[in-house]
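query.csv (CSV, C-alpha atoms)
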chain,number,residue,atom,x,y,z
B,1,MET,CA,-17.8,-14.8,6.8
B,2,PHE,CA,-14.4,-14.0,5.5
B,3,ARG,CA,-15.8,-11.3,3.3
B,4,SER,CA,-17.7,-9.6,6.1
B,5,ALA,CA,-14.6,-9.7,8.3
B,6,LEU,CA,-12.5,-8.2,5.5
B,7,GLY,CA,-15.2,-5.6,4.9
B,8,LYS,CA,-15.2,-4.6,8.6
B,9,THR,CA,-11.5,-4.5,8.7
B,10,LEU,CA,-11.3,-2.2,5.7
B,11,GLY,CA,-14.1,0.0,7.2
B,12,PHE,CA,-12.1,0.2,10.4
B,13,VAL,CA,-8.9,1.1,8.6
B,14,GLY,CA,-10.8,3.7,6.5
B,15,TYR,CA,-12.2,5.4,9.6
B,16,THR,CA,-8.8,5.4,11.3
B,17,ILE,CA,-7.2,7.0,8.3
B,18,GLN,CA,-10.0,9.6,8.1
B,19,TYR,CA,-9.9,10.6,11.7
B,20,GLY,CA,-6.1,10.4,11.7
B,21,CYS,CA,-6.0,12.9,8.9
B,22,VAL,CA,-8.5,15.2,10.7
B,23,ALA,CA,-6.4,15.0,13.9
B,24,HIS,CA,-3.2,15.7,11.9
B,25,CYS,CA,-4.8,18.8,10.3
B,26,ALA,CA,-5.9,20.0,13.7
B,27,PHE,CA,-2.4,19.8,15.0
B,28,GLU,CA,-1.1,21.4,11.9
B,29,TYR,CA,-3.4,24.4,11.7
B,30,ILE,CA,-4.7,24.9,15.3
B,31,GLY,CA,-2.0,24.0,17.8
B,32,GLU,CA,-0.1,21.2,19.5
B,33,PHE,CA,1.2,20.4,23.0
B,34,VAL,CA,5.0,20.4,23.3
B,35,ALA,CA,7.1,19.0,26.1
B,36,CYS,CA,10.2,21.2,26.4
B,37,SER,CA,13.6,20.0,27.6
B,38,GLY,CA,16.8,21.8,28.3
B,39,PRO,CA,17.8,24.9,30.2
B,40,SER,CA,18.0,27.5,27.4
B,41,MET,CA,14.7,29.2,28.2
B,42,GLU,CA,15.0,29.4,32.0
B,43,PRO,CA,13.4,30.8,34.0
B,44,THR,CA,10.5,31.3,31.6
B,45,ILE,CA,10.3,27.7,30.6
B,46,THR,CA,12.1,25.0,32.6
B,47,SER,CA,12.9,21.4,31.5
B,48,HIS,CA,10.0,19.1,31.4
B,49,ASP,CA,7.4,21.9,31.2
B,50,VAL,CA,4.5,21.3,28.8
B,51,VAL,CA,3.4,24.2,26.7
B,52,PHE,CA,0.7,24.8,24.1
B,53,SER,CA,2.0,26.1,20.8
B,54,GLU,CA,-0.6,27.6,18.5
B,55,ARG,CA,-0.1,27.5,14.7
B,56,LEU,CA,-2.4,30.3,13.5
B,57,SER,CA,0.1,33.1,14.1
B,58,ARG,CA,2.7,31.3,12.1
B,59,HIS,CA,0.4,30.7,9.1
B,60,LEU,CA,-0.9,34.2,9.2
B,61,CYS,CA,2.6,35.7,9.6
B,62,ARG,CA,1.6,37.3,12.9
B,63,ILE,CA,4.8,36.3,14.8
B,64,GLU,CA,6.1,39.4,16.6
B,65,ASN,CA,9.2,40.4,18.6
B,66,GLY,CA,9.1,38.9,22.1
B,67,ASP,CA,7.1,35.8,21.1
B,68,ILE,CA,8.4,32.4,22.1
B,69,VAL,CA,8.3,30.1,19.1
B,70,ILE,CA,8.9,26.4,18.5
B,71,ALA,CA,11.0,26.0,15.3
B,72,LYS,CA,12.7,23.2,13.5
B,73,SER,CA,16.4,23.1,14.3
B,74,PRO,CA,18.6,24.4,11.4
B,75,PHE,CA,21.1,21.7,12.2
B,76,ASP,CA,18.8,18.7,12.7
B,77,PRO,CA,15.5,18.4,10.7
B,78,HIS,CA,14.2,16.0,13.3
B,79,MET,CA,14.7,18.2,16.3
B,80,ASN,CA,12.8,21.3,17.4
B,81,ILE,CA,14.0,24.3,19.3
B,82,CYS,CA,12.2,26.7,21.6
B,83,LYS,CA,13.5,30.2,21.7
B,84,ARG,CA,12.3,33.8,21.9
B,85,VAL,CA,12.1,36.0,18.8
B,86,ILE,CA,14.5,38.9,19.3
B,87,GLY,CA,14.3,40.5,15.9
B,88,LEU,CA,12.3,40.2,12.7
B,89,GLU,CA,13.5,40.8,9.1
B,90,GLY,CA,15.1,44.2,8.8
B,91,ASP,CA,15.7,44.7,12.5
B,92,LYS,CA,19.1,45.6,13.9
B,93,VAL,CA,20.2,43.0,16.5
B,94,CYS,CA,23.1,43.2,18.9
B,95,THR,CA,25.4,40.2,18.3
B,96,SER,CA,27.9,40.9,21.1
B,97,GLY,CA,27.5,39.7,24.7
B,98,PRO,CA,26.6,42.0,27.6
B,99,SER,CA,30.1,41.8,28.9
B,100,ASP,CA,31.8,42.7,25.6
B,101,VAL,CA,33.5,46.1,25.3
B,102,PHE,CA,32.8,46.6,21.6
B,103,LYS,CA,29.2,46.2,20.6
B,104,THR,CA,28.6,44.6,17.3
B,105,HIS,CA,25.3,44.6,15.4
B,106,GLN,CA,23.8,42.8,12.5
B,107,TYR,CA,20.7,43.3,10.3
B,108,VAL,CA,18.3,40.4,10.2
B,109,PRO,CA,18.0,39.4,6.5
B,110,LYS,CA,14.7,39.2,4.6
B,111,GLY,CA,12.6,36.1,5.5
B,112,HIS,CA,14.6,35.4,8.6
B,113,VAL,CA,14.2,35.9,12.4
B,114,TRP,CA,16.8,36.2,15.2
B,115,LEU,CA,16.2,33.8,18.0
B,116,GLU,CA,17.7,33.8,21.5
B,117,GLY,CA,17.0,31.8,24.6
B,118,ASP,CA,16.1,33.6,27.8
B,119,ASN,CA,19.0,31.9,29.6
B,120,LEU,CA,21.7,33.7,27.7
B,121,ARG,CA,24.6,31.9,29.4
B,122,ASN,CA,23.3,28.4,28.6
B,123,SER,CA,21.6,28.7,25.2
B,124,THR,CA,22.8,27.9,21.6
B,125,ASP,CA,20.8,30.2,19.4
B,126,SER,CA,21.2,32.8,16.7
B,127,ARG,CA,24.2,34.2,18.4
B,128,SER,CA,26.0,31.0,17.3
B,129,TYR,CA,24.2,29.8,14.2
B,130,GLY,CA,22.9,33.1,12.8
B,131,PRO,CA,19.5,34.1,11.7
B,132,VAL,CA,16.9,31.4,11.2
B,133,PRO,CA,14.6,31.3,8.1
B,134,TYR,CA,11.0,32.2,9.1
B,135,ALA,CA,9.8,29.1,7.3
B,136,LEU,CA,11.4,26.9,10.0
B,137,ILE,CA,9.0,28.3,12.6
B,138,ARG,CA,6.3,25.8,13.6
B,139,GLY,CA,4.2,27.8,16.1
B,140,ARG,CA,4.0,30.3,18.9
B,141,VAL,CA,4.0,29.3,22.5
B,142,CYS,CA,1.0,30.9,24.1
B,143,LEU,CA,0.2,28.8,27.2
B,144,LYS,CA,2.3,26.9,29.8
B,145,VAL,CA,0.8,23.9,31.5
B,146,THR,CA,3.2,23.2,34.4
B,147,ARG,CA,3.5,19.8,35.9
B,148,GLY,CA,4.2,18.3,39.3
B,149,THR,CA,6.5,20.8,40.9
B,150,SER,CA,4.1,23.7,41.7
B,151,PRO,CA,1.6,23.3,44.5
B,152,ASP,CA,-1.3,23.4,42.0
B,153,PRO,CA,-0.5,20.7,39.5
B,154,SER,CA,-2.8,22.0,36.8
B,155,HIS,CA,-1.8,25.6,37.0
B,156,ILE,CA,-2.0,27.3,33.7
B,157,HIS,CA,0.2,30.4,33.1
B,158,LEU,CA,-0.8,33.0,30.6
B,159,ASN,CA,2.2,35.4,31.0
B,160,LEU,CA,5.2,34.3,28.9
L,1,MET,CA,-37.8,22.3,8.0
L,2,PHE,CA,-35.2,24.8,9.2
L,3,ARG,CA,-33.7,22.1,11.4
L,4,SER,CA,-33.4,19.6,8.7
L,5,ALA,CA,-31.8,22.2,6.4
L,6,LEU,CA,-29.4,23.1,9.2
L,7,GLY,CA,-28.7,19.4,9.8
L,8,LYS,CA,-27.9,18.9,6.1
L,9,THR,CA,-25.7,22.0,6.0
L,10,LEU,CA,-23.7,20.8,9.1
L,11,GLY,CA,-23.4,17.4,7.6
L,12,PHE,CA,-22.1,18.8,4.3
L,13,VAL,CA,-19.6,21.0,6.2
L,14,GLY,CA,-18.5,18.0,8.2
L,15,TYR,CA,-17.9,15.9,5.1
L,16,THR,CA,-16.1,18.7,3.4
L,17,ILE,CA,-13.8,19.2,6.4
L,18,GLN,CA,-13.2,15.4,6.7
L,19,TYR,CA,-12.3,14.9,3.0
L,20,GLY,CA,-10.4,18.2,2.9
L,21,CYS,CA,-8.2,16.9,5.7
L,22,VAL,CA,-7.7,13.6,3.9
L,23,ALA,CA,-6.7,15.4,0.8
L,24,HIS,CA,-4.3,17.7,2.7
L,25,CYS,CA,-2.6,14.7,4.3
L,26,ALA,CA,-2.3,13.0,0.9
L,27,PHE,CA,-0.6,16.1,-0.5
L,28,GLU,CA,1.5,16.3,2.7
L,29,TYR,CA,2.7,12.7,2.8
L,30,ILE,CA,2.4,11.3,-0.7
L,31,GLY,CA,3.1,14.1,-3.3
L,32,GLU,CA,1.8,17.1,-5.0
L,33,PHE,CA,1.7,18.7,-8.5
L,34,VAL,CA,3.8,21.8,-8.9
L,35,ALA,CA,3.8,24.4,-11.7
L,36,CYS,CA,7.3,25.7,-12.1
L,37,SER,CA,8.2,29.2,-13.3
L,38,GLY,CA,11.5,30.8,-14.0
L,39,PRO,CA,14.6,30.0,-16.0
L,40,SER,CA,16.9,28.7,-13.3
L,41,MET,CA,16.4,25.0,-14.0
L,42,GLU,CA,16.7,25.1,-17.8
L,43,PRO,CA,17.1,22.9,-19.8
L,44,THR,CA,15.8,20.2,-17.4
L,45,ILE,CA,12.7,22.2,-16.4
L,46,THR,CA,11.4,25.2,-18.3
L,47,SER,CA,9.0,27.8,-17.2
L,48,HIS,CA,5.3,26.6,-17.0
L,49,ASP,CA,6.3,23.0,-16.8
L,50,VAL,CA,4.2,20.9,-14.4
L,51,VAL,CA,6.0,18.3,-12.3
L,52,PHE,CA,5.1,15.8,-9.6
L,53,SER,CA,7.0,16.2,-6.4
L,54,GLU,CA,6.9,13.2,-4.0
L,55,ARG,CA,7.1,13.7,-0.3
L,56,LEU,CA,8.2,10.3,1.0
L,57,SER,CA,11.9,10.8,0.2
L,58,ARG,CA,11.9,14.0,2.3
L,59,HIS,CA,10.2,12.5,5.3
L,60,LEU,CA,12.4,9.4,5.2
L,61,CYS,CA,15.5,11.5,4.7
L,62,ARG,CA,16.3,9.8,1.4
L,63,ILE,CA,17.2,12.9,-0.6
L,64,GLU,CA,20.4,12.3,-2.5
L,65,ASN,CA,22.9,14.3,-4.5
L,66,GLY,CA,21.6,15.0,-7.9
L,67,ASP,CA,17.9,15.1,-6.9
L,68,ILE,CA,15.8,18.0,-7.9
L,69,VAL,CA,13.9,19.3,-4.9
L,70,ILE,CA,11.1,21.8,-4.1
L,71,ALA,CA,12.0,23.8,-1.0
L,72,LYS,CA,10.6,26.8,0.8
L,73,SER,CA,12.6,29.9,-0.1
L,74,PRO,CA,14.9,31.0,2.7
L,75,PHE,CA,14.0,34.6,1.9
L,76,ASP,CA,10.3,34.3,1.5
L,77,PRO,CA,8.3,31.8,3.5
L,78,HIS,CA,5.4,32.0,1.0
L,79,MET,CA,7.5,31.1,-2.0
L,80,ASN,CA,9.0,27.9,-3.1
L,81,ILE,CA,12.2,27.2,-5.1
L,82,CYS,CA,13.1,24.3,-7.4
L,83,LYS,CA,16.8,23.5,-7.5
L,84,ARG,CA,19.1,20.5,-7.7
L,85,VAL,CA,20.9,19.1,-4.6
L,86,ILE,CA,24.6,19.5,-5.3
L,87,GLY,CA,25.9,18.5,-1.9
L,88,LEU,CA,24.6,17.1,1.4
L,89,GLU,CA,25.8,17.8,4.9
L,90,GLY,CA,29.6,17.2,5.2
L,91,ASP,CA,30.2,17.4,1.4
L,92,LYS,CA,32.8,19.7,0.0
L,93,VAL,CA,31.2,21.9,-2.6
L,94,CYS,CA,32.9,24.2,-5.1
L,95,THR,CA,31.7,27.8,-4.5
L,96,SER,CA,33.5,29.4,-7.3
L,97,GLY,CA,32.3,29.7,-10.9
L,98,PRO,CA,33.5,27.6,-13.8
L,99,SER,CA,35.3,30.6,-15.2
L,100,ASP,CA,37.1,31.7,-12.0
L,101,VAL,CA,40.9,31.2,-11.9
L,102,PHE,CA,41.0,30.4,-8.2
L,103,LYS,CA,38.7,27.6,-7.0
L,104,THR,CA,37.1,28.1,-3.6
L,105,HIS,CA,35.4,25.4,-1.7
L,106,GLN,CA,33.1,25.1,1.3
L,107,TYR,CA,31.9,22.3,3.5
L,108,VAL,CA,28.1,21.9,3.8
L,109,PRO,CA,27.2,22.3,7.5
L,110,LYS,CA,25.2,19.7,9.4
L,111,GLY,CA,21.5,19.6,8.7
L,112,HIS,CA,21.9,21.7,5.5
L,113,VAL,CA,22.1,21.1,1.7
L,114,TRP,CA,23.7,22.9,-1.1
L,115,LEU,CA,21.3,23.8,-3.9
L,116,GLU,CA,22.0,25.0,-7.4
L,117,GLY,CA,19.9,25.5,-10.5
L,118,ASP,CA,20.9,23.7,-13.7
L,119,ASN,CA,21.0,27.1,-15.5
L,120,LEU,CA,24.0,28.4,-13.7
L,121,ARG,CA,24.1,31.7,-15.4
L,122,ASN,CA,20.5,32.6,-14.5
L,123,SER,CA,19.9,31.0,-11.1
L,124,THR,CA,19.9,32.5,-7.6
L,125,ASP,CA,20.8,29.6,-5.4
L,126,SER,CA,23.2,28.5,-2.6
L,127,ARG,CA,26.0,30.3,-4.5
L,128,SER,CA,24.4,33.5,-3.4
L,129,TYR,CA,22.5,32.7,-0.2
L,130,GLY,CA,24.5,29.9,1.2
L,131,PRO,CA,23.5,26.4,2.3
L,132,VAL,CA,19.8,25.8,2.9
L,133,PRO,CA,18.5,23.9,6.0
L,134,TYR,CA,17.3,20.4,5.1
L,135,ALA,CA,14.0,21.1,7.0
L,136,LEU,CA,13.0,23.6,4.3
L,137,ILE,CA,12.9,20.9,1.6
L,138,ARG,CA,9.3,20.0,0.7
L,139,GLY,CA,9.7,17.2,-1.7
L,140,ARG,CA,11.7,15.5,-4.5
L,141,VAL,CA,10.7,16.1,-8.1
L,142,CYS,CA,10.4,12.7,-9.7
L,143,LEU,CA,8.2,13.1,-12.9
L,144,LYS,CA,7.6,15.8,-15.4
L,145,LEU,CA,3.9,15.9,-16.5
L,146,TRP,CA,3.7,18.9,-18.8
L,147,PRO,CA,4.4,19.5,-21.6
L,148,LEU,CA,3.1,16.2,-22.9
L,149,HIS,CA,5.9,15.5,-25.3
L,150,HIS,CA,8.4,15.6,-22.4
L,151,VAL,CA,6.5,13.5,-19.9
L,152,GLY,CA,8.7,11.2,-17.9
L,153,ALA,CA,11.7,11.2,-15.6
L,154,LEU,CA,14.0,14.1,-15.4
L,155,ASN,CA,17.6,14.3,-16.7
L,156,GLN,CA,20.8,14.2,-14.8
L,157,SER,CA,22.5,17.4,-14.0
L,158,PRO,CA,24.1,19.1,-17.1
L,159,THR,CA,26.5,21.1,-15.1
L,160,GLY,CA,28.8,18.4,-13.7
L,161,ARG,CA,28.9,20.0,-10.3
L,162,VAL,CA,27.0,17.4,-8.3
L,163,VAL,CA,29.2,16.0,-5.5
L,164,LYS,CA,29.8,12.3,-6.0
L,165,ARG,CA,29.6,10.2,-2.9
L,166,SER,CA,31.5,6.9,-2.5
L,167,ASP,CA,28.7,5.1,-0.6
The structure given in the file should be rewritten as structure tokens.
Amino acid sequence: MFRSALGKTLGFVGYTIQYGCVAHCAFEYIGEFVACSGPSMEPTITSHDVVFSERLSRHLCRIENGDIVIAKSPFDPHMNICKRVIGLEGDKVCTSGPSDVFKTHQYVPKGHVWLEGDNLRNSTDSRSYGPVPYALIRGRVCLKVTRGTSPDPSHIHLNL
Amino acid sequence: MFRSALGKTLGFVGYTIQYGCVAHCAFEYIGEFVACSGPSMEPTITSHDVVFSERLSRHLCRIENGDIVIAKSPFDPHMNICKRVIGLEGDKVCTSGPSDVFKTHQYVPKGHVWLEGDNLRNSTDSRSYGPVPYALIRGRVCLKLWPLHHVGALNQSPTGRVVKRSD
């Protein structure tokens, strides 16, 4: 009786590991849901919005200027950031603010991207920490699933 | 007959996907075999050596000074680099060469590491491209598997530039 219980437990653990791995690979290669927090992407994405971030563009190197991406923070490997891609490698980006008299520019180095939040006044992004290596990008935000505040709670936006 | 062949094919594909996912997760969370190329880590690792790189240290944030790590290249997301960790975040690293008269230093910023190859004369590393974000590290090299007469753990840094920590 003990042996059959042990056999069933091991079988259960084996199935859990198997389907856990399949789920992990689905999140790794297809996409994942992300709950955003912070004001740096307002008004496009507000705090507590849930978005869907697809992984295929990142793996196939199809990230383009204007895409909103989820990336690992360069300063904290456990945190993610959500910003818009302003420039790809080789692009010339403006590093001065809109109110500065003298405009300064910089070229984005190879293998890096320039990220900025849509809420320029309240966003820590490449303007402070410089270009971000492409390999830190996790996925491209393609859908927003808003919650609660809009009249239609399950409203899905496609324009980002 | 067609239906049974289709059923068998789908079953085979299903099993392949399942076990492919399990293998992928094993490589992702346990470790992977890496074939190194290039002279930047000589004499510790020479070109065409095969090493085993474990992933647990990276996920548990247990990478320490003196460890040899595999990381994604900051300049090419498809390439990996194999270097030694000289300094962790907050450490003061020497950015000048051993033959320079004036020594210059730099503090490693938060969330970054300072990587250098053991073959200082022939290695492009943090001395040229600056500190590397910790999140780019894939794993820690713990065993050399090929060539067979050198199987085993890897040596300490021959350069003497690894930052010593008091804790």
**OP:** Measure the distance from CA of Val22 (chain B) to CA of Ile30 (chain L) in Å and round it to one decimal.
**Re:**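 If I compute the distance from CA of Val22 (chain B) to CA of Ile30 (chain L), I get 16.2 Å.
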Considering all atoms listed in the file, give me a table of residues in region 27-104 of chain B that are at most 12 Å from region 78-92 of chain L, with the closest atom pair and distance in Å for each, as a Markdown table.
| residue | atom | partner | partner_atom | distance |
| --- | --- | --- | --- | --- |
| B:Arg58 | CA | L:His78 | CA | 11.4 |
| B:His59 | CA | L:His78 | CA | 9.6 |
| B:Leu60 | CA | L:His78 | CA | 10.6 |
| B:Cys61 | CA | L:His78 | CA | 9.8 |
| B:Pro74 | CA | L:Glu89 | CA | 11.7 |
| B:Phe75 | CA | L:Glu89 | CA | 9.5 |
| B:Asp76 | CA | L:Glu89 | CA | 10.5 |
| B:Pro77 | CA | L:Glu89 | CA | 11.8 |
Can you work out which residues from chain L touch chain B at a cut-off of 9 Å (counting only C-alpha atoms) and hand them back as a PDB file with C-alpha atoms, in the coordinates of the input?
ATOM      1  CA  ILE L  17     -13.800  19.200   6.400  1.00  0.00           C
ATOM      2  CA  GLN L  18     -13.200  15.400   6.700  1.00  0.00           C
ATOM      3  CA  TYR L  19     -12.300  14.900   3.000  1.00  0.00           C
ATOM      4  CA  GLY L  20     -10.400  18.200   2.900  1.00  0.00           C
ATOM      5  CA  CYS L  21      -8.200  16.900   5.700  1.00  0.00           C
ATOM      6  CA  VAL L  22      -7.700  13.600   3.900  1.00  0.00           C
ATOM      7  CA  ALA L  23      -6.700  15.400   0.800  1.00  0.00           C
ATOM      8  CA  HIS L  24      -4.300  17.700   2.700  1.00  0.00           C
ATOM      9  CA  CYS L  25      -2.600  14.700   4.300  1.00  0.00           C
ATOM     10  CA  ALA L  26      -2.300  13.000   0.900  1.00  0.00           C
ATOM     11  CA  LYS L  72      10.600  26.800   0.800  1.00  0.00           C
ATOM     12  CA  SER L  73      12.600  29.900  -0.100  1.00  0.00           C
ATOM     13  CA  PRO L  74      14.900  31.000   2.700  1.00  0.00           C
ATOM     14  CA  PHE L  75      14.000  34.600   1.900  1.00  0.00           C
ATOM     15  CA  ASP L  76      10.300  34.300   1.500  1.00  0.00           C
ATOM     16  CA  PRO L  77       8.300  31.800   3.500  1.00  0.00           C
ATOM     17  CA  HIS L  78       5.400  32.000   1.000  1.00  0.00           C
ATOM     18  CA  PRO L 109      27.200  22.300   7.500  1.00  0.00           C
ATOM     19  CA  LYS L 110      25.200  19.700   9.400  1.00  0.00           C
ATOM     20  CA  GLY L 111      21.500  19.600   8.700  1.00  0.00           C
ATOM     21  CA  HIS L 112      21.900  21.700   5.500  1.00  0.00           C
ATOM     22  CA  VAL L 132      19.800  25.800   2.900  1.00  0.00           C
ATOM     23  CA  PRO L 133      18.500  23.900   6.000  1.00  0.00           C
ATOM     24  CA  TYR L 134      17.300  20.400   5.100  1.00  0.00           C
ATOM     25  CA  ALA L 135      14.000  21.100   7.000  1.00  0.00           C
ATOM     26  CA  LEU L 136      13.000  23.600   4.300  1.00  0.00           C
TER      27      LEU L 136
END
**OP:** Using all atoms listed in the file, determine which residues lie at most 10 Å from region 33-45 of chain B, disregarding the query and same-chain residues fewer than 4 positions distant; provide the list as a PyMOL selection string.
**Re:** chain B and resi 27+49-54+68+70+80-84+116-125+141+143-146+159-160
**OP:** Dig up all the protein and nucleic acid residues within 8 Å of (14.1, 29.0, -12.6) in the file frame, using all atoms listed in the file, and format them as a PyMOL selection string.
**Re:** chain L and resi 36-42+45-47+81-83+117+119+122-123
Original post:
Quick one, how far is CA of Glu54 (chain L) from CA of Arg138 (chain B)?
Top reply: 21.7 Å
**OP:** Just give me the gap between CA of Ala71 (chain L) and CA of Gln106 (chain B) in Å, one decimal is fine.
**Re:**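 Interatomic distance here is 26.1 Å.
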Subject >> Shortest interatomic distance to Glu28 (chain B) - which of B:Gly87, B:Gly130, B:Gly7, B:Gly139, counting only C-alpha atoms >> reply: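 Ranking B:Gly87, B:Gly130, B:Gly7, B:Gly139 by distance to Glu28 (chain B), first place goes to B:Gly139.
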Original post:
With distances taken over only C-alpha atoms, which of L:Leu148, L:Leu10, L:Leu120, L:Ile137 is nearest to Pro43 (chain L)?
Top reply: L:Leu120
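Closest approach to Leu88 (chain B) among B:Arg62, B:Phe102, B:Trp114, B:Asp67: B:Trp114, based on all atoms listed in the file.
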Subject >> Contact residues around Lys103 (chain B) with all atoms listed in the file at 12 Å, ignoring same-chain residues under 6 positions, as a PyMOL selection string >> reply: chain B and resi 93-97
